[in-house]
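One structure is given below, encoded as structure tokens.
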Amino acid sequence: MSYLQVQQLTKSFGPVNVLKQVDFSVEPGEVHALLGVNGAGKSTLVKILSGDYEKDGGTILVNGEDVHFTAPADSQRKGIAIVVQEVDTALIQNLSVAENVTLDITVEGKNLKPISWRKRKQLAEERLEKVQTQIPLNRLVEDCSLSEKQMILLARAIASNAKLIIFDEPTAPLSENETAKLFHVISELKKQGIAMIYISHRMNEIHQIADRMTIMRDGKVVAVHQSGAVSTEEIIQTMLGRQLHKADYQQRGFSSKIALEVKGLEVPETNKTIDLSVRSGEILGIAGLVGAGKSETANALFGASGAKGDWSVKGKKQTIKNPRHAVKAGISFIPEERRKSGILIDFSVQENLSLPALESYTRAGWISRSKEKTTALDQIKELGIVASSPKALLKHLSGGNQQKVSIGKWLNRDSDVFIFDEPTKGIDVGAKNDVFRLITSLADQGKGIIYFTSEFDELLQIADRILVMADGEIVDEVTNQEATQERLMTAATGGNADETAQYQRLSAAGHHQ
């Protein structure tokens with residue numbers, strides 16, 4: 001009997017149906033891969049199973065029992081644990097490793113008697129040993145690496161005596177050696193009869209670790225396969241659906257002059273070294289899946305992580321050791337986590353828009369609020385920002401309008417290079433099109449654009465040239481005319497992009513005969 005069986009599951013947010021009669025099951029001792037592109041419905045399904053969302057309709061059976069989860073605690077009591085992708089959301093940063101690994105004792109009150117610090121540390125050490133990990137037990141979690149945090153969560157999940165563990169992109173922060181350790185732990189869990197759901201975009205991992213796979217698209221299950229029964233190319237084609245037409249890309253002319261060239265960039269978080277350049281007026285797309293090292297590389301380019309390398313902006317060598325140096329050199333950066341790093345949500349629209357060029361609004365140490373307001377009104381109109389007034393707080397704006405402010409604040413500086421990291425994350429289609437128009441407008445003004453994203457179809461619409469990143473390295477380079485979803489996905493998942501391109505050329509030739 002299946003440990004978990006989902007039947008005709010539905011979920012809607014307002015008028016949008018995100019899950020449509022989903023059927024899914026996991027057997028004891030099985031690793032079941034859950035696959036699909038962004039927006040396929042994977043995250044919603046997992047959030048329902050882990051108790052973050054309530055289902056609208058359908059049935060969830062856990063070990064034959066009909067259940068309805070209204071909170072994470074309900075799911076946990078039924079033996080379901082999750083190792084989340086955003087590890088910081090599941091850990092308490094200012095507590096020690098030992099306290100986080102044994103957090104269940106504190107939260108659930110499993111021990112009515114106080115537990116000694118010595119006993120807690122001993123228990124934490126035993127739990128970490130089960131995932132083949134050694135971390136100083138007194139270390140604060142905020143001082144741990146992403147991979148260490150991931151293993152803390154896994155140790156805690158195993159200690160909860162879970163019968164079903166959900167892994168959401170578990171290897172994203174892990175090295176090859178750490179990934180091998182994780183796979184060994186998963187193999188041991190299989191032997192113990194633990195059921196596992198494994199979410200990953202890395203096809204080589206799926207073939208290596210999964211027994212079965214379910215592919216979702218547009219909120220529906222579109223295929224279920226035994227591992228090994230289908231090729232990577234067939235999986236990707238099923239994930240994408242029918243061949244998508246390239247949307248709206250217009251071939252553009254741009255300068256042969258280099259806006260930004262970086263050589264020997266040593267990215268601390270990925271331990272990889274890359275070279276790249278972008279020309280004035282060119283939109284350079286950098287495609288990569290979650291965990292590919294995109295954000296780490298973007299931060300390194302902006303001097304935010306102490307990376308070493310050689311920067312040249314418009315032919316002039318620059319020393320960039322921090323973001324201040326980058327801004328002075330003519331580089332602007334719109335980060336992925338806008339609420340964390342890109343904007344001040346408790347400040348007004350006009351205050352955010354003026355920040356990077358505050359000196360131009362200041363005289364004798366005083367800020368001219370009237371000048372700031374006048375400029376903000378012009379930018380609000382130019383960018384199509386929907387706000388009640390320039391004094392409206394950013395936290396009251398939609399995600400799309402917050403992103404326009406995040407971009408607009410850099411327009412007050414005469415930057416030569418703009419770096420965008422996942423600029424359309426969490427915004428609607430209309431706002432996406434506004435962002436695309438803004439980026440294209442900057443390129444038309446001769447600015448060099450570097451556009452990091454996991455949304456490959458966006459690059460097919462907007463990028464002149466595309467680099468594909470996997471595991472912190474550039475693994476493929478194509479012009480927009482050469483690029484397809486399949487080629488980008490194949491390179492990003494560790495496949496042979498050249499073979500895919502050759503196969504597509506032969507297929508196209510066969511169709512024309």
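Chain labels A, B, ... are given in the sequence in which chains occur in the structure tokens; within each chain residues are numbered consecutively from 1, and ligands are likewise numbered from 1 in the order shown.
Near Asp23 of chain A, within 10 Å and counting only C-alpha atoms, sit Gln5, Val6, Gln7, Gln8, Leu9, Thr10, Gly58, Thr59, Ile60, Thr214, Lys220 and Val221 of chain A, not including residues fewer than 5 positions from it in the same chain.
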List every residue of segment 59-105 of chain A that has an atom at most 12 Å from any atom of segment 193-199 of chain A, and for each one report the closest atom pair and its distance in Å to one decimal, counting only C-alpha atoms, with rows sorted by chain and then by increasing residue number, as JSON lines.
{"residue": "A:Val62", "atom": "CA", "partner": "A:Ala195", "partner_atom": "CA", "distance": 11.3}
{"residue": "A:Asn63", "atom": "CA", "partner": "A:Ala195", "partner_atom": "CA", "distance": 11.1}
{"residue": "A:Gly79", "atom": "CA", "partner": "A:Ile194", "partner_atom": "CA", "distance": 10.1}
{"residue": "A:Ile80", "atom": "CA", "partner": "A:Ala195", "partner_atom": "CA", "distance": 9.4}
{"residue": "A:Ala81", "atom": "CA", "partner": "A:Met196", "partner_atom": "CA", "distance": 9.6}
{"residue": "A:Ile82", "atom": "CA", "partner": "A:Ile197", "partner_atom": "CA", "distance": 9.2}
{"residue": "A:Val83", "atom": "CA", "partner": "A:Tyr198", "partner_atom": "CA", "distance": 10.0}
{"residue": "A:Val84", "atom": "CA", "partner": "A:Ile199", "partner_atom": "CA", "distance": 10.3}
{"residue": "A:Gln85", "atom": "CA", "partner": "A:Ile199", "partner_atom": "CA", "distance": 9.7}
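The list of residues with at least one atom within 12 Å of Lys191 of chain A, based on only C-alpha atoms and without residues fewer than 4 positions apart in the same chain, reads Pro28, Gly29, Glu30, Val31, His184, Val185, Ile186, Ser187, Ala195 and Met196 of chain A.
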- Query: Can you list, as a ChimeraX atom specification, every residue of segment 315-503 of chain A that DSSP puts in helix (DSSP H, G or I)?
  - Reply: /A:323-329,338-342,349-361,369-383,394-396,399-412,429-444,456-462,485-492,497-503
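Using only C-alpha atoms, the contacts of Gly494 of chain A at a cut-off of 10 Å, with sequence neighbours closer than 2 positions omitted, comprise A:His201, A:Arg202, A:Met203, A:Asn204, A:Glu205, A:Thr232, A:Met469, A:Ala470, A:Asp471, A:Val475, A:Met489, A:Thr490, A:Ala491, A:Ala492, A:Asn496, A:Ala497.
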- Have a look at atom CA of Val417 of chain A and atom CA of Gln403 of chain A and let me know their distance in Å, one decimal. 18.0 Å
- Expressed in Å to a single decimal, how great is the separation between atom CA of His396 of chain A and atom CA of Leu344 of chain A? 11.8 Å
- Name all residues at most 12 Å from Thr70 of chain A (count only C-alpha atoms; drop same-chain ones fewer than 4 positions away) and give them as a ChimeraX atom specification. /A:47-56,74-77
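Distances here use only C-alpha atoms; by that measure, the residue among A:Ile320, A:Leu45, A:Val267, A:Leu128 closest to Ser12 of chain A is A:Leu45.
Taking atom CA of Leu289 of chain A as the reference point, atom CA of Ser454 of chain A is found at 5.1 Å.
Excluding Glu372 of chain A itself and same-chain residues fewer than 3 positions from it, the residues having an atom within 12 Å of it are Ser348, Val349, Gln350, Glu351, Asn352, Leu353, Ser354, Leu355, Ala357, Leu358, Glu359, Ser360, Tyr361, Thr362, Trp366, Ile367, Ser368, Arg369, Thr375, Ala376, Leu377, Asp378, Gln379, Pro390, Lys391, Lys409 and Asn412 of chain A, counting only C-alpha atoms.
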Save the residues we just selected, C-alpha atoms, as a PDB file, in the first residue's frame?
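Result went into selection-v8.pdb, see below:
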ATOM      1  CA  SER A 348       8.573  56.250   0.811  1.00  0.00           C
ATOM      2  CA  VAL A 349       8.767  55.912  -2.957  1.00  0.00           C
ATOM      3  CA  GLN A 350      10.588  59.232  -3.315  1.00  0.00           C
ATOM      4  CA  GLU A 351      13.095  58.368  -0.585  1.00  0.00           C
ATOM      5  CA  ASN A 352      13.925  55.051  -2.258  1.00  0.00           C
ATOM      6  CA  LEU A 353      14.242  56.600  -5.714  1.00  0.00           C
ATOM      7  CA  SER A 354      16.708  59.209  -4.495  1.00  0.00           C
ATOM      8  CA  LEU A 355      18.996  56.926  -2.457  1.00  0.00           C
ATOM      9  CA  ALA A 357      22.167  59.719  -5.978  1.00  0.00           C
ATOM     10  CA  LEU A 358      21.419  61.335  -2.633  1.00  0.00           C
ATOM     11  CA  GLU A 359      24.321  63.759  -2.968  1.00  0.00           C
ATOM     12  CA  SER A 360      22.558  65.454  -5.909  1.00  0.00           C
ATOM     13  CA  TYR A 361      19.600  66.254  -3.636  1.00  0.00           C
ATOM     14  CA  THR A 362      21.746  67.499  -0.774  1.00  0.00           C
ATOM     15  CA  TRP A 366      20.294  69.078   4.041  1.00  0.00           C
ATOM     16  CA  ILE A 367      18.132  67.060   1.647  1.00  0.00           C
ATOM     17  CA  SER A 368      15.899  69.077  -0.655  1.00  0.00           C
ATOM     18  CA  ARG A 369      12.605  67.210  -0.307  1.00  0.00           C
ATOM     19  CA  THR A 375      12.160  64.000  -9.623  1.00  0.00           C
ATOM     20  CA  ALA A 376      10.108  61.192  -8.089  1.00  0.00           C
ATOM     21  CA  LEU A 377       6.924  62.428  -9.795  1.00  0.00           C
ATOM     22  CA  ASP A 378       8.701  62.364 -13.163  1.00  0.00           C
ATOM     23  CA  GLN A 379      10.005  58.849 -12.561  1.00  0.00           C
ATOM     24  CA  PRO A 390       5.520  59.934  -3.914  1.00  0.00           C
ATOM     25  CA  LYS A 391       5.236  59.735  -0.127  1.00  0.00           C
ATOM     26  CA  LYS A 409      16.406  54.345  -8.219  1.00  0.00           C
ATOM     27  CA  ASN A 412      19.378  58.867 -11.320  1.00  0.00           C
TER      28      ASN A 412
END
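Excluding Gly281 of chain A itself and any same-chain residue fewer than 3 positions from it, the protein and nucleic acid residues within 8 Å of it, counting only C-alpha atoms, are Gly253, Phe254, Ser255, Leu442, Ala443, Asp444, Gln445, Gly446, Lys447, Gly448 and Ile449 of chain A.
With distances restricted to only C-alpha atoms, A:Cys144 is the closest residue to Leu91 of chain A from A:Ile462, A:Leu4, A:Cys144, A:Leu123.
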When DSSP is applied to the backbone of this structure, which of segment 188-371 of chain A are assigned strand (DSSP E)? Write them out as an mmCIF file with C-alpha atoms, in the first residue's frame.
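Contents of states.cif, freshly written:
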data_model
loop_
_atom_site.group_PDB
_atom_site.id
_atom_site.type_symbol
_atom_site.label_atom_id
_atom_site.label_comp_id
_atom_site.auth_asym_id
_atom_site.auth_seq_id
_atom_site.Cartn_x
_atom_site.Cartn_y
_atom_site.Cartn_z
ATOM 1 C CA ALA A 195 9.223 7.264 1.523
ATOM 2 C CA MET A 196 10.793 10.324 -0.138
ATOM 3 C CA ILE A 197 9.700 13.049 -2.559
ATOM 4 C CA TYR A 198 12.662 14.541 -4.377
ATOM 5 C CA ILE A 199 12.371 17.878 -6.207
ATOM 6 C CA ARG A 212 9.967 6.892 -10.224
ATOM 7 C CA MET A 213 9.139 10.364 -11.507
ATOM 8 C CA THR A 214 6.007 12.460 -11.876
ATOM 9 C CA ILE A 215 6.092 15.385 -14.309
ATOM 10 C CA MET A 216 3.768 18.350 -13.772
ATOM 11 C CA ARG A 217 2.839 21.130 -16.179
ATOM 12 C CA LYS A 220 -1.603 19.027 -13.871
ATOM 13 C CA VAL A 221 0.224 15.710 -13.796
ATOM 14 C CA VAL A 222 1.162 15.040 -17.412
ATOM 15 C CA ALA A 223 3.349 11.932 -17.061
ATOM 16 C CA VAL A 224 4.526 9.282 -14.598
ATOM 17 C CA HIS A 225 7.591 7.195 -15.514
ATOM 18 C CA GLN A 226 9.859 4.621 -13.985
ATOM 19 C CA ILE A 258 32.999 46.545 -24.308
ATOM 20 C CA ALA A 259 30.961 48.067 -21.469
ATOM 21 C CA LEU A 260 32.179 45.628 -18.804
ATOM 22 C CA GLU A 261 34.858 42.951 -18.901
ATOM 23 C CA VAL A 262 35.712 40.797 -15.916
ATOM 24 C CA LYS A 263 38.558 38.281 -15.991
ATOM 25 C CA GLY A 264 39.429 35.681 -13.394
ATOM 26 C CA LEU A 265 36.442 36.458 -11.160
ATOM 27 C CA GLU A 266 36.802 34.172 -8.139
ATOM 28 C CA VAL A 267 33.326 33.724 -6.662
ATOM 29 C CA LYS A 272 34.597 28.778 -9.268
ATOM 30 C CA THR A 273 36.364 31.274 -11.527
ATOM 31 C CA ILE A 274 34.666 32.836 -14.535
ATOM 32 C CA ASP A 275 35.349 35.362 -17.307
ATOM 33 C CA LEU A 276 32.631 37.388 -19.004
ATOM 34 C CA SER A 277 32.065 40.588 -20.935
ATOM 35 C CA VAL A 278 29.092 42.603 -22.168
ATOM 36 C CA ARG A 279 29.102 45.232 -24.905
ATOM 37 C CA ILE A 283 21.587 42.446 -23.299
ATOM 38 C CA LEU A 284 23.602 39.481 -22.030
ATOM 39 C CA GLY A 285 21.431 36.779 -20.486
ATOM 40 C CA ILE A 286 22.822 34.325 -17.958
ATOM 41 C CA ALA A 287 20.553 31.291 -17.638
ATOM 42 C CA GLY A 288 20.758 28.838 -14.783
ATOM 43 C CA LYS A 308 38.832 38.797 -6.523
ATOM 44 C CA GLY A 309 39.243 39.506 -10.214
ATOM 45 C CA ASP A 310 40.072 42.101 -12.843
ATOM 46 C CA TRP A 311 37.306 44.572 -13.762
ATOM 47 C CA SER A 312 37.334 46.958 -16.716
ATOM 48 C CA VAL A 313 34.473 49.390 -17.348
ATOM 49 C CA LYS A 316 39.238 51.558 -17.906
ATOM 50 C CA LYS A 317 40.593 49.200 -15.265
ATOM 51 C CA GLN A 318 38.702 49.408 -11.973
ATOM 52 C CA ILE A 331 27.825 49.628 -12.238
ATOM 53 C CA SER A 332 24.267 49.357 -10.920
ATOM 54 C CA PHE A 333 22.737 46.204 -9.393
ATOM 55 C CA ILE A 334 19.110 45.149 -8.989
ATOM 56 C CA THR A 362 21.746 67.499 -0.774
ATOM 57 C CA ARG A 363 23.115 70.954 -0.043
ATOM 58 C CA TRP A 366 20.294 69.078 4.041
ATOM 59 C CA ILE A 367 18.132 67.060 1.647
#
